[in-house]
$ cat my_file22.cif   # mmCIF, C-alpha atoms and all ligand atoms
data_start
loop_
_atom_site.label_atom_id
_atom_site.label_comp_id
_atom_site.auth_asym_id
_atom_site.auth_seq_id
_atom_site.Cartn_x
_atom_site.Cartn_y
_atom_site.Cartn_z
CA MET A 206 0.00 0.00 0.00
CA ALA A 207 2.93 2.32 0.66
CA GLY A 208 3.72 2.36 -3.07
CA LEU A 209 0.18 3.21 -4.10
CA ALA A 210 -0.12 5.84 -1.36
CA GLN A 211 3.08 7.50 -2.57
CA GLU A 212 1.84 7.52 -6.17
CA VAL A 213 -1.39 9.14 -5.03
CA LEU A 214 0.56 11.78 -3.12
CA ASP A 215 2.64 12.37 -6.27
CA GLY A 216 -0.61 13.15 -8.09
CA ASP A 217 -0.53 10.13 -10.40
CA ARG A 218 -4.02 9.94 -11.94
CA ARG A 219 -3.97 6.23 -12.59
CA ALA A 220 -2.98 5.61 -8.98
CA LEU A 221 -5.77 7.94 -7.87
CA ALA A 222 -8.37 6.01 -9.87
CA GLN A 223 -6.97 2.72 -8.56
CA ALA A 224 -7.03 3.99 -4.97
CA ILE A 225 -10.65 5.07 -5.30
CA THR A 226 -11.61 1.70 -6.75
CA LEU A 227 -9.95 0.15 -3.71
CA VAL A 228 -11.84 2.26 -1.16
CA GLU A 229 -15.08 1.51 -3.00
CA SER A 230 -14.55 -2.24 -2.80
CA THR A 231 -16.65 -4.23 -0.36
CA ARG A 232 -14.24 -7.17 -0.18
CA ASP A 233 -12.80 -7.70 3.30
CA ASP A 234 -9.18 -7.96 2.15
CA HIS A 235 -9.58 -4.81 0.05
CA ARG A 236 -11.08 -3.05 3.05
CA LEU A 237 -7.93 -3.68 5.08
CA GLU A 238 -5.78 -2.38 2.22
CA ALA A 239 -8.04 0.64 1.82
CA ASP A 240 -7.75 1.46 5.52
CA ALA A 241 -3.95 1.19 5.30
CA LEU A 242 -3.95 3.49 2.28
CA LEU A 243 -6.23 6.02 3.97
CA ASP A 244 -4.11 5.99 7.12
CA ALA A 245 -1.01 6.63 5.00
CA VAL A 246 -2.47 9.61 3.14
CA LEU A 247 -4.49 11.08 6.03
CA PRO A 248 -1.86 13.69 7.01
CA SER A 249 -2.06 15.09 3.46
CA THR A 250 -5.84 15.51 3.48
CA GLY A 251 -8.14 18.26 4.69
CA ASN A 252 -6.71 21.05 2.57
CA ALA A 253 -9.57 21.35 0.10
CA VAL A 254 -12.61 23.57 0.00
CA ARG A 255 -15.42 20.99 0.23
CA VAL A 256 -18.69 21.99 -1.42
CA GLY A 257 -21.90 19.93 -1.51
CA ILE A 258 -24.23 20.70 -4.40
CA SER A 259 -27.85 19.60 -4.35
CA GLY A 260 -31.07 20.30 -6.18
CA ALA A 261 -34.01 18.51 -7.74
CA PRO A 262 -33.51 16.72 -11.07
CA GLY A 263 -33.72 19.20 -13.94
CA VAL A 264 -32.78 22.26 -11.91
CA GLY A 265 -29.47 22.42 -13.77
CA LYS A 266 -26.93 20.76 -11.46
CA SER A 267 -24.82 19.30 -14.26
CA THR A 268 -24.84 22.54 -16.21
CA PHE A 269 -24.01 24.46 -13.03
CA ILE A 270 -21.19 22.12 -11.97
CA GLU A 271 -19.67 22.49 -15.42
CA ALA A 272 -19.91 26.31 -15.30
CA LEU A 273 -18.67 26.69 -11.70
CA GLY A 274 -16.02 24.03 -12.29
CA LEU A 275 -14.60 25.86 -15.29
CA GLU A 276 -14.51 29.07 -13.23
CA VAL A 277 -12.65 27.28 -10.44
CA VAL A 278 -9.96 25.85 -12.73
CA LYS A 279 -9.65 29.21 -14.49
CA ARG A 280 -8.71 30.61 -11.10
CA GLY A 281 -5.92 28.09 -10.81
CA HIS A 282 -7.50 25.40 -8.64
CA ARG A 283 -7.54 21.65 -9.09
CA LEU A 284 -11.08 20.27 -8.88
CA ALA A 285 -12.49 16.84 -8.03
CA VAL A 286 -16.19 16.20 -8.73
CA LEU A 287 -17.77 13.32 -6.81
CA ALA A 288 -21.33 12.22 -6.17
CA VAL A 289 -23.59 10.52 -3.66
CA ASP A 290 -26.50 8.94 -5.45
CA PRO A 291 -27.71 5.66 -3.97
CA SER A 292 -30.18 5.33 -6.84
CA SER A 293 -27.56 5.60 -9.57
CA ARG A 294 -27.44 1.83 -10.23
CA ARG A 295 -31.14 1.65 -10.85
CA SER A 296 -31.64 4.93 -12.66
CA GLY A 297 -28.64 4.44 -14.90
CA GLY A 298 -26.52 6.94 -13.05
CA SER A 299 -26.92 10.67 -12.65
CA ILE A 300 -23.38 11.90 -12.73
CA LEU A 301 -22.13 9.00 -14.81
CA GLY A 302 -24.48 9.92 -17.62
CA ASP A 303 -23.60 13.55 -17.05
CA LYS A 304 -19.92 13.00 -17.48
CA THR A 305 -20.58 12.88 -21.19
CA ARG A 306 -22.59 16.08 -20.79
CA MET A 307 -19.88 17.86 -18.82
CA VAL A 308 -17.64 17.62 -21.85
CA ASP A 309 -15.64 20.80 -21.38
CA LEU A 310 -15.05 20.17 -17.69
CA ALA A 311 -14.10 16.52 -18.23
CA ARG A 312 -11.47 17.62 -20.77
CA GLU A 313 -9.64 19.87 -18.27
CA VAL A 314 -6.34 18.42 -17.01
CA ASN A 315 -6.92 19.83 -13.53
CA VAL A 316 -10.31 18.17 -13.15
CA PHE A 317 -11.12 14.69 -11.91
CA ILE A 318 -14.70 13.47 -12.23
CA ARG A 319 -15.85 10.31 -10.50
CA PRO A 320 -19.42 8.98 -10.67
CA SER A 321 -21.31 7.89 -7.58
CA PRO A 322 -20.13 4.55 -6.22
CA GLY A 323 -22.59 1.73 -6.68
CA GLY A 324 -24.89 0.46 -3.98
CA THR A 325 -28.33 1.15 -2.72
CA GLN A 326 -27.43 1.52 0.96
CA LEU A 327 -26.94 5.22 1.50
CA GLY A 328 -24.48 4.69 4.35
CA GLY A 329 -22.12 2.63 2.21
CA VAL A 330 -22.36 4.91 -0.81
CA ALA A 331 -21.69 8.00 1.32
CA ARG A 332 -18.78 6.36 3.11
CA HIS A 333 -17.10 5.52 -0.19
CA THR A 334 -17.60 9.04 -1.50
CA ARG A 335 -16.18 10.53 1.68
CA GLU A 336 -13.11 8.31 1.43
CA ALA A 337 -12.73 9.12 -2.28
CA MET A 338 -12.75 12.79 -1.27
CA LEU A 339 -9.84 12.21 1.12
CA VAL A 340 -7.88 10.38 -1.59
CA CYS A 341 -8.48 13.26 -4.03
CA GLU A 342 -7.25 15.76 -1.44
CA ALA A 343 -4.13 13.69 -0.91
CA ALA A 344 -3.58 13.81 -4.67
CA GLY A 345 -3.54 17.60 -4.51
CA PHE A 346 -7.07 18.56 -5.47
CA ASP A 347 -7.85 21.72 -3.51
CA VAL A 348 -11.53 22.01 -4.40
CA VAL A 349 -14.02 19.15 -4.11
CA PHE A 350 -17.63 19.22 -5.31
CA VAL A 351 -19.95 16.48 -4.04
CA GLU A 352 -23.17 16.30 -6.01
CA THR A 353 -26.34 14.74 -4.71
CA ILE A 354 -29.78 14.58 -6.22
CA GLY A 355 -32.42 16.47 -4.30
CA VAL A 356 -34.28 13.57 -2.81
CA GLY A 357 -34.17 11.51 0.36
CA GLN A 358 -31.54 11.42 3.06
CA SER A 359 -28.49 11.74 0.84
CA GLU A 360 -28.40 15.51 1.48
CA VAL A 361 -27.81 14.91 5.16
CA ALA A 362 -25.04 12.42 4.41
CA VAL A 363 -23.37 14.91 2.06
CA SER A 364 -23.69 17.80 4.51
CA ASP A 365 -21.85 15.53 6.93
CA MET A 366 -18.78 15.51 4.68
CA VAL A 367 -18.61 19.03 3.21
CA ASP A 368 -17.89 22.51 4.54
CA LEU A 369 -20.53 24.33 2.55
CA PHE A 370 -23.85 23.06 1.27
CA LEU A 371 -25.14 24.78 -1.85
CA LEU A 372 -28.78 24.31 -2.80
CA LEU A 373 -29.75 24.95 -6.39
CA VAL A 374 -33.41 25.91 -6.97
CA PRO A 375 -35.47 26.86 -10.01
CA PRO A 376 -37.23 30.18 -10.52
CA GLY A 377 -40.88 29.98 -9.51
CA GLY A 378 -43.61 31.27 -7.29
CA GLY A 379 -44.35 30.60 -3.64
CA ASP A 380 -45.57 27.11 -4.47
CA GLU A 381 -42.10 26.22 -5.62
CA LEU A 382 -40.68 27.36 -2.32
CA GLN A 383 -43.25 25.31 -0.42
CA GLY A 384 -42.11 22.24 -2.33
CA ILE A 385 -38.57 22.43 -0.96
CA LYS A 386 -38.34 20.36 2.16
CA ARG A 387 -37.61 22.49 5.19
CA GLY A 388 -34.90 20.07 6.25
CA ILE A 389 -32.97 20.70 3.06
CA MET A 390 -33.35 24.46 3.43
CA GLU A 391 -31.88 24.20 6.91
CA LEU A 392 -28.78 22.55 5.49
CA ALA A 393 -28.16 25.25 2.88
CA ASP A 394 -25.31 27.74 3.41
CA VAL A 395 -25.82 29.20 -0.04
CA VAL A 396 -29.03 29.09 -2.09
CA VAL A 397 -28.67 29.71 -5.82
CA VAL A 398 -31.66 30.40 -8.04
CA ASN A 399 -30.57 29.05 -11.42
CA LYS A 400 -31.98 29.81 -14.88
CA ALA A 401 -31.98 33.57 -14.26
CA ASP A 402 -32.05 34.24 -17.99
CA GLY A 403 -34.49 35.13 -20.77
CA ASP A 404 -38.14 34.93 -19.75
CA LEU A 405 -37.22 33.47 -16.36
CA ALA A 406 -34.91 36.31 -15.25
CA ALA A 407 -37.59 38.36 -13.47
CA ALA A 408 -39.12 35.31 -11.78
CA ALA A 409 -35.64 34.28 -10.60
CA GLY A 410 -35.16 37.65 -8.92
CA ARG A 411 -38.48 37.34 -7.10
CA THR A 412 -37.70 33.77 -6.08
CA ALA A 413 -34.37 34.90 -4.65
CA ALA A 414 -36.15 37.56 -2.57
CA ASP A 415 -38.61 34.93 -1.29
CA TYR A 416 -35.77 32.62 -0.29
CA HIS A 417 -33.93 35.47 1.32
CA ASN A 418 -36.92 36.06 3.58
CA ALA A 419 -37.46 32.37 4.22
CA VAL A 420 -33.89 31.46 5.20
CA HIS A 421 -33.69 34.25 7.72
CA LEU A 422 -36.53 32.69 9.65
CA LEU A 423 -34.46 29.56 10.16
CA ARG A 424 -32.16 28.97 13.07
CA PRO A 425 -28.64 29.99 12.00
CA LYS A 426 -26.21 27.15 11.46
CA TRP A 427 -23.06 29.22 11.98
CA ARG A 428 -21.98 32.02 14.27
CA THR A 429 -20.12 33.78 11.47
CA TRP A 430 -22.21 32.98 8.42
CA ALA A 431 -25.79 33.75 7.41
CA THR A 432 -27.19 31.87 4.41
CA GLU A 433 -26.74 33.87 1.21
CA VAL A 434 -29.12 33.77 -1.73
CA LEU A 435 -27.88 34.46 -5.26
CA THR A 436 -29.10 34.09 -8.82
CA CYS A 437 -27.22 32.79 -11.84
CA SER A 438 -27.56 31.41 -15.30
CA ALA A 439 -25.50 28.26 -15.54
CA LEU A 440 -26.44 28.00 -19.21
CA GLU A 441 -25.20 31.47 -20.09
CA GLN A 442 -22.47 31.31 -17.45
CA ARG A 443 -23.56 34.52 -15.75
CA GLY A 444 -23.32 35.11 -12.00
CA ILE A 445 -20.94 32.17 -11.66
CA GLY A 446 -17.83 34.11 -10.60
CA GLU A 447 -19.86 35.84 -7.89
CA ILE A 448 -20.91 32.48 -6.51
CA TRP A 449 -17.31 31.34 -6.25
CA ASP A 450 -16.45 34.64 -4.52
CA VAL A 451 -19.16 33.91 -1.93
CA ILE A 452 -17.83 30.38 -1.39
CA GLU A 453 -14.32 31.75 -0.81
CA ARG A 454 -15.64 34.36 1.59
CA PHE A 455 -17.52 31.63 3.48
CA GLU A 456 -14.38 29.51 3.73
CA ARG A 457 -12.32 32.47 5.00
CA LYS A 458 -14.87 33.34 7.67
CA VAL A 459 -15.50 29.88 9.07
CA LYS A 460 -11.76 29.19 9.07
CA ALA A 461 -10.93 32.41 10.89
CA SER A 462 -13.59 31.75 13.52
CA SER A 463 -12.43 28.13 14.06
CA GLU A 464 -15.95 27.00 13.19
CA LEU A 465 -14.59 24.96 10.30
CA THR A 466 -12.28 23.04 12.62
CA GLU A 467 -15.22 22.39 14.92
CA LEU A 468 -17.42 21.24 12.05
CA ARG A 469 -14.82 18.87 10.66
CA GLY A 470 -14.19 17.47 14.13
CA ASP A 471 -17.90 16.83 14.59
CA GLN A 472 -18.11 15.25 11.16
CA ALA A 473 -15.18 12.92 11.89
CA LYS A 474 -16.83 11.95 15.17
CA SER A 475 -20.13 11.12 13.53
CA TRP A 476 -18.32 9.03 10.91
CA LEU A 477 -16.61 7.14 13.72
CA TRP A 478 -20.00 6.30 15.20
CA ALA A 479 -21.37 5.31 11.81
CA GLU A 480 -18.39 2.98 11.34
CA LEU A 481 -18.92 1.48 14.78
CA GLN A 482 -22.59 0.92 14.07
CA ASP A 483 -21.87 -0.73 10.70
CA GLY A 484 -19.04 -2.77 12.17
CA LEU A 485 -21.14 -4.06 15.05
CA ILE A 486 -24.00 -5.04 12.77
CA ASP A 487 -21.57 -6.82 10.44
CA GLN A 488 -20.19 -8.75 13.41
CA LEU A 489 -23.70 -9.65 14.56
CA ARG A 490 -24.54 -11.02 11.16
CA ALA A 491 -21.24 -12.89 10.87
CA ASP A 492 -22.05 -15.15 13.81
CA PRO A 493 -24.10 -18.14 12.52
CA GLU A 494 -25.88 -18.76 15.82
CA VAL A 495 -26.83 -15.13 16.22
CA GLN A 496 -27.87 -15.08 12.58
CA ARG A 497 -30.26 -18.01 13.16
CA LEU A 498 -31.74 -16.32 16.20
CA LEU A 499 -32.06 -13.09 14.24
CA THR A 500 -34.03 -14.81 11.50
CA ASP A 501 -36.38 -16.31 14.09
CA VAL A 502 -37.02 -13.19 16.12
CA GLU A 503 -37.45 -11.15 12.96
CA GLN A 504 -40.42 -13.39 12.09
CA ASP A 505 -41.77 -13.06 15.62
CA VAL A 506 -41.50 -9.30 15.45
CA ILE A 507 -43.27 -9.27 12.09
CA ALA A 508 -46.00 -11.50 13.50
CA GLY A 509 -46.33 -9.20 16.49
CA THR A 510 -45.71 -11.93 19.08
CA ILE A 511 -42.67 -10.22 20.58
CA THR A 512 -41.65 -6.58 20.91
CA PRO A 513 -38.67 -5.33 18.87
CA SER A 514 -37.04 -4.21 22.10
CA THR A 515 -37.22 -7.67 23.74
CA ALA A 516 -36.10 -9.31 20.49
CA ALA A 517 -33.09 -7.00 20.22
CA ARG A 518 -32.13 -7.70 23.82
CA ALA A 519 -32.24 -11.45 23.19
CA VAL A 520 -30.07 -11.11 20.09
CA LEU A 521 -27.52 -8.95 21.90
CA ALA A 522 -27.40 -11.39 24.81
CA SER A 523 -26.75 -14.25 22.41
CA PHE A 524 -24.05 -12.19 20.67
CA ARG A 525 -22.27 -11.45 23.93
CA ALA A 526 -22.48 -15.12 24.95
CA ALA A 527 -21.04 -16.20 21.58
CA ASP A 528 -18.21 -13.76 22.05
N1 LIG K 601 -32.62 28.53 -19.29
C1 LIG K 601 -31.74 27.81 -18.60
N2 LIG K 601 -31.75 26.46 -18.69
C2 LIG K 601 -30.84 25.77 -17.97
C3 LIG K 601 -29.89 26.40 -17.13
N3 LIG K 601 -29.15 25.45 -16.54
C4 LIG K 601 -29.59 24.28 -17.01
N4 LIG K 601 -30.61 24.45 -17.87
C5 LIG K 601 -31.34 23.42 -18.63
O1 LIG K 601 -32.08 22.62 -17.72
C6 LIG K 601 -32.10 21.27 -18.15
C7 LIG K 601 -31.58 20.37 -17.03
O2 LIG K 601 -30.22 20.66 -16.81
P1 LIG K 601 -29.23 19.65 -16.08
O3 LIG K 601 -27.94 20.37 -15.89
O4 LIG K 601 -29.17 18.36 -16.80
O5 LIG K 601 -29.99 19.44 -14.69
P2 LIG K 601 -29.76 18.36 -13.53
O6 LIG K 601 -30.76 17.27 -13.75
O7 LIG K 601 -30.04 19.07 -12.25
O8 LIG K 601 -28.35 17.87 -13.62
C8 LIG K 601 -31.26 21.21 -19.41
O9 LIG K 601 -32.10 21.27 -20.52
C9 LIG K 601 -30.40 22.45 -19.31
O10 LIG K 601 -30.01 22.94 -20.57
C10 LIG K 601 -29.92 27.84 -17.06
O11 LIG K 601 -29.13 28.49 -16.37
N5 LIG K 601 -30.86 28.48 -17.81
MG MG K 602 -27.50 16.05 -13.71
#

$ encode --input "my_file22.cif" --output "C-alpha cells"
Amino acid sequence: MAGLAQEVLDGDRRALAQAITLVESTRDDHRLEADALLDAVLPSTGNAVRVGISGAPGVGKSTFIEALGLEVVKRGHRLAVLAVDPSSRRSGGSILGDKTRMVDLAREVNVFIRPSPGGTQLGGVARHTREAMLVCEAAGFDVVFVETIGVGQSEVAVSDMVDLFLLLVPPGGGDELQGIKRGIMELADVVVVNKADGDLAAAAGRTAADYHNAVHLLRPKWRTWATEVLTCSALEQRGIGEIWDVIERFERKVKASSELTELRGDQAKSWLWAELQDGLIDQLRADPEVQRLLTDVEQDVIAGTITPSTAARAVLASFRAAD
C-alpha cells in the first residue's frame, strides 16, 4: 500500500483512480488495504474547499457544476467532482451519464470526475464518497464538489462531509418554495436560483427575494455565516464568478472563527459512530448462531408476538455469549 499511497501523493491519476476503486470495494481484504492506504495519506488531506451541491432533477446541477467548475480551474485550482447517489445503479446513473454532458469540464487536465459509487445503501455509498474525497485531497485537489440529487436522506449524508452546502433551486412562485423540504433548506449555506435568464430572469429575482426572507426565519447554522441567496444562469455562465467569490468568503470566515475546525471534528466523530454501528452489525450477522436467532425473532417481530425491544435484547445477549 505504501507504493500506491506515494503515487497518489505524487498526483498520479492512474494511482488515484486505482485507490478510489480500492476504497469503493466491499471485499474484506480490500477493506484492510483501503484502511492502510487512507491511514497513510491522512496527514495530506483536509486542505480542500469541500462543497456539496444539491437540487431537484432538472434544476441544472450538471450545467451548473460544469460552469462553476470551469470558473474554479480558471482561477488556478484543481477540482475533483464526486457524487452521492444511492439510486444511480437503478436509474442508470446521474453523474455518470452527465460526465458525457460535462464535456468541457471533463477535458480539463486539472479536473477529476468520479461517478457515484454503486450500492443502494446510503451509508455505504456515502462512506465511499467521503473516502474518495480524502484520496483526491491527498492527490492535490484543492476544491471538491460532491453532487447529490435532491431527494431523500443523501443531502444529510453529504452535509456531513462538506464545509458548505449549496442548494440549487429553479425560478418559480411561492408554491415552488413550499415544495422544498424544510430540512434541506436548513442545510443550505448558499441558495442559488438558477436559470436567471431570458423569460425566467424576473421570476428568478423574485424567487431569490422569497428565499432570502425564508432562510432568515431559520435557526442559524453558523456564528459567522448567514445563508446567502444568489441568482445565476449556468447555461449562459452569468453570476458564476460571484458564486465562487461567496464560497471563498464563506471559507475564509469559518476558518478564521475556528468553526470549520469544529465542524470537521464533529463530522469525523459522527463518521466514527457510523463505522462502529456498521461494524457491530456486520459482526452480529457474521455469527451463525446469532444469525439463526435473528431470522427467528425477525419473524416473531413481524407477527407481532414479541416486541422489537425484547427481540433486540435477546439477540444482543446471544451475541455477547457467543463472544
Ligand atoms: N434557461 C436555462 N436552462 C438551464 C440552465 N441550466 C440548465 N438548464 C437546462 O435545464 C435542463 C436540465 O439541466 P441539467 O444540468 O441536466 O440538470 P440536472 O438534472 O439538475 O443535472 C437542461 O435542458 C439544461 O439545458 C440555465 O441556467 N438556464
Ligand atoms: Mg445532472

$ residues_around --input "my_file22.cif" --residues "Asp309 (chain A)" --least-positions-apart "3" --cutoff "12 Å" --atoms "all atoms listed in the file" --output "PyMOL selection string"
chain A and resi 267-268+270-276+278+303-306+312-316+318

$ closest_residue --input "my_file22.cif" --among "A:Ala241, A:Ala461, A:Val330, A:Val256" --to "Asp368 (chain A)" --atoms "only C-alpha atoms"
A:Val256

$ residues_near_ligand --input "my_file22.cif" --ligand "ligand LIG 601 (chain K)" --cutoff "12 Å" --atoms "only C-alpha atoms and all ligand atoms" --output "JSON, numbers by chain"
{"A": [258, 259, 260, 261, 262, 263, 264, 265, 266, 267, 268, 269, 270, 271, 272, 273, 288, 298, 299, 300, 301, 302, 303, 304, 305, 306, 307, 352, 353, 354, 355, 356, 372, 373, 374, 375, 376, 397, 398, 399, 400, 401, 402, 403, 404, 405, 406, 409, 436, 437, 438, 439, 440, 441, 442, 443, 444, 445]}

$ write_last_selection --input "my_file22.cif" --atoms "C-alpha atoms" --output "tab-separated table (two decimals), in the frame of the given file"
chain	number	residue	atom	x	y	z
A	258	ILE	CA	-24.23	20.70	-4.40
A	259	SER	CA	-27.85	19.60	-4.35
A	260	GLY	CA	-31.07	20.30	-6.18
A	261	ALA	CA	-34.01	18.51	-7.74
A	262	PRO	CA	-33.51	16.72	-11.07
A	263	GLY	CA	-33.72	19.20	-13.94
A	264	VAL	CA	-32.78	22.26	-11.91
A	265	GLY	CA	-29.47	22.42	-13.77
A	266	LYS	CA	-26.93	20.76	-11.46
A	267	SER	CA	-24.82	19.30	-14.26
A	268	THR	CA	-24.84	22.54	-16.21
A	269	PHE	CA	-24.01	24.46	-13.03
A	270	ILE	CA	-21.19	22.12	-11.97
A	271	GLU	CA	-19.67	22.49	-15.42
A	272	ALA	CA	-19.91	26.31	-15.30
A	273	LEU	CA	-18.67	26.69	-11.70
A	288	ALA	CA	-21.33	12.22	-6.17
A	298	GLY	CA	-26.52	6.94	-13.05
A	299	SER	CA	-26.92	10.67	-12.65
A	300	ILE	CA	-23.38	11.90	-12.73
A	301	LEU	CA	-22.13	9.00	-14.81
A	302	GLY	CA	-24.48	9.92	-17.62
A	303	ASP	CA	-23.60	13.55	-17.05
A	304	LYS	CA	-19.92	13.00	-17.48
A	305	THR	CA	-20.58	12.88	-21.19
A	306	ARG	CA	-22.59	16.08	-20.79
A	307	MET	CA	-19.88	17.86	-18.82
A	352	GLU	CA	-23.17	16.30	-6.01
A	353	THR	CA	-26.34	14.74	-4.71
A	354	ILE	CA	-29.78	14.58	-6.22
A	355	GLY	CA	-32.42	16.47	-4.30
A	356	VAL	CA	-34.28	13.57	-2.81
A	372	LEU	CA	-28.78	24.31	-2.80
A	373	LEU	CA	-29.75	24.95	-6.39
A	374	VAL	CA	-33.41	25.91	-6.97
A	375	PRO	CA	-35.47	26.86	-10.01
A	376	PRO	CA	-37.23	30.18	-10.52
A	397	VAL	CA	-28.67	29.71	-5.82
A	398	VAL	CA	-31.66	30.40	-8.04
A	399	ASN	CA	-30.57	29.05	-11.42
A	400	LYS	CA	-31.98	29.81	-14.88
A	401	ALA	CA	-31.98	33.57	-14.26
A	402	ASP	CA	-32.05	34.24	-17.99
A	403	GLY	CA	-34.49	35.13	-20.77
A	404	ASP	CA	-38.14	34.93	-19.75
A	405	LEU	CA	-37.22	33.47	-16.36
A	406	ALA	CA	-34.91	36.31	-15.25
A	409	ALA	CA	-35.64	34.28	-10.60
A	436	THR	CA	-29.10	34.09	-8.82
A	437	CYS	CA	-27.22	32.79	-11.84
A	438	SER	CA	-27.56	31.41	-15.30
A	439	ALA	CA	-25.50	28.26	-15.54
A	440	LEU	CA	-26.44	28.00	-19.21
A	441	GLU	CA	-25.20	31.47	-20.09
A	442	GLN	CA	-22.47	31.31	-17.45
A	443	ARG	CA	-23.56	34.52	-15.75
A	444	GLY	CA	-23.32	35.11	-12.00
A	445	ILE	CA	-20.94	32.17	-11.66

$ closest_residue --input "my_file22.cif" --among "A:Gly208, A:Gly216, A:Gly484, A:Pro320" --to "ligand MG 602 (chain K)" --atoms "only C-alpha atoms and all ligand atoms"
A:Pro320

$ closest_residue --input "my_file22.cif" --among "A:Leu423, A:Asp290, A:Gly324, A:Leu221" --to "ligand MG 602 (chain K)" --atoms "all atoms listed in the file"
A:Asp290

$ residues_around --input "my_file22.cif" --residues "Glu391 (chain A)" --least-positions-apart "6" --cutoff "12 Å" --atoms "all atoms listed in the file" --output "PDB file with C-alpha atoms, in the frame of the given file"
ATOM      1  CA  GLU A 360     -28.400  15.510   1.480  1.00  0.00           C
ATOM      2  CA  VAL A 361     -27.810  14.910   5.160  1.00  0.00           C
ATOM      3  CA  SER A 364     -23.690  17.800   4.510  1.00  0.00           C
ATOM      4  CA  PHE A 370     -23.850  23.060   1.270  1.00  0.00           C
ATOM      5  CA  LEU A 371     -25.140  24.780  -1.850  1.00  0.00           C
ATOM      6  CA  LEU A 372     -28.780  24.310  -2.800  1.00  0.00           C
ATOM      7  CA  ILE A 385     -38.570  22.430  -0.960  1.00  0.00           C
ATOM      8  CA  TYR A 416     -35.770  32.620  -0.290  1.00  0.00           C
ATOM      9  CA  ALA A 419     -37.460  32.370   4.220  1.00  0.00           C
ATOM     10  CA  VAL A 420     -33.890  31.460   5.200  1.00  0.00           C
ATOM     11  CA  HIS A 421     -33.690  34.250   7.720  1.00  0.00           C
ATOM     12  CA  LEU A 422     -36.530  32.690   9.650  1.00  0.00           C
ATOM     13  CA  LEU A 423     -34.460  29.560  10.160  1.00  0.00           C
ATOM     14  CA  ARG A 424     -32.160  28.970  13.070  1.00  0.00           C
ATOM     15  CA  PRO A 425     -28.640  29.990  12.000  1.00  0.00           C
ATOM     16  CA  LYS A 426     -26.210  27.150  11.460  1.00  0.00           C
ATOM     17  CA  TRP A 427     -23.060  29.220  11.980  1.00  0.00           C
ATOM     18  CA  ALA A 431     -25.790  33.750   7.410  1.00  0.00           C
ATOM     19  CA  THR A 432     -27.190  31.870   4.410  1.00  0.00           C
TER      20      THR A 432
END

$ closest_residue --input "my_file22.cif" --among "A:Arg411, A:Arg428, A:Arg255, A:Arg280" --to "Leu339 (chain A)" --atoms "all atoms listed in the file"
A:Arg255

$ axis_aligned_box --input "my_file22.cif" --around "region 250-263 of chain A" --padding-each-side "4 Å" --output "AutoDock Vina command-line options"
--center_x -19.9 --center_y 19.5 --center_z -4.6 --size_x 36.2 --size_y 16.1 --size_z 26.6

$ closest_residue --input "my_file22.cif" --among "A:Gln496, A:Ser249, A:Ser321, A:Thr429" --to "ligand MG 602 (chain K)" --atoms "only C-alpha atoms and all ligand atoms"
A:Ser321

$ atom_distance --input "my_file22.cif" --atom1 "CA of Glu494 (chain A)" --atom2 "CA of Ala519 (chain A)"
12.2 Å

$ atom_distance --input "my_file22.cif" --atom1 "CA of Ala311 (chain A)" --atom2 "CA of Pro248 (chain A)"
28.2 Å

$ closest_residue --input "my_file22.cif" --among "A:Ala331, A:Val213, A:Leu237, A:Val459" --to "Phe346 (chain A)" --atoms "all atoms listed in the file"
A:Val213

$ atom_distance --input "my_file22.cif" --atom1 "CA of Arg335 (chain A)" --atom2 "CA of Leu242 (chain A)"
14.1 Å
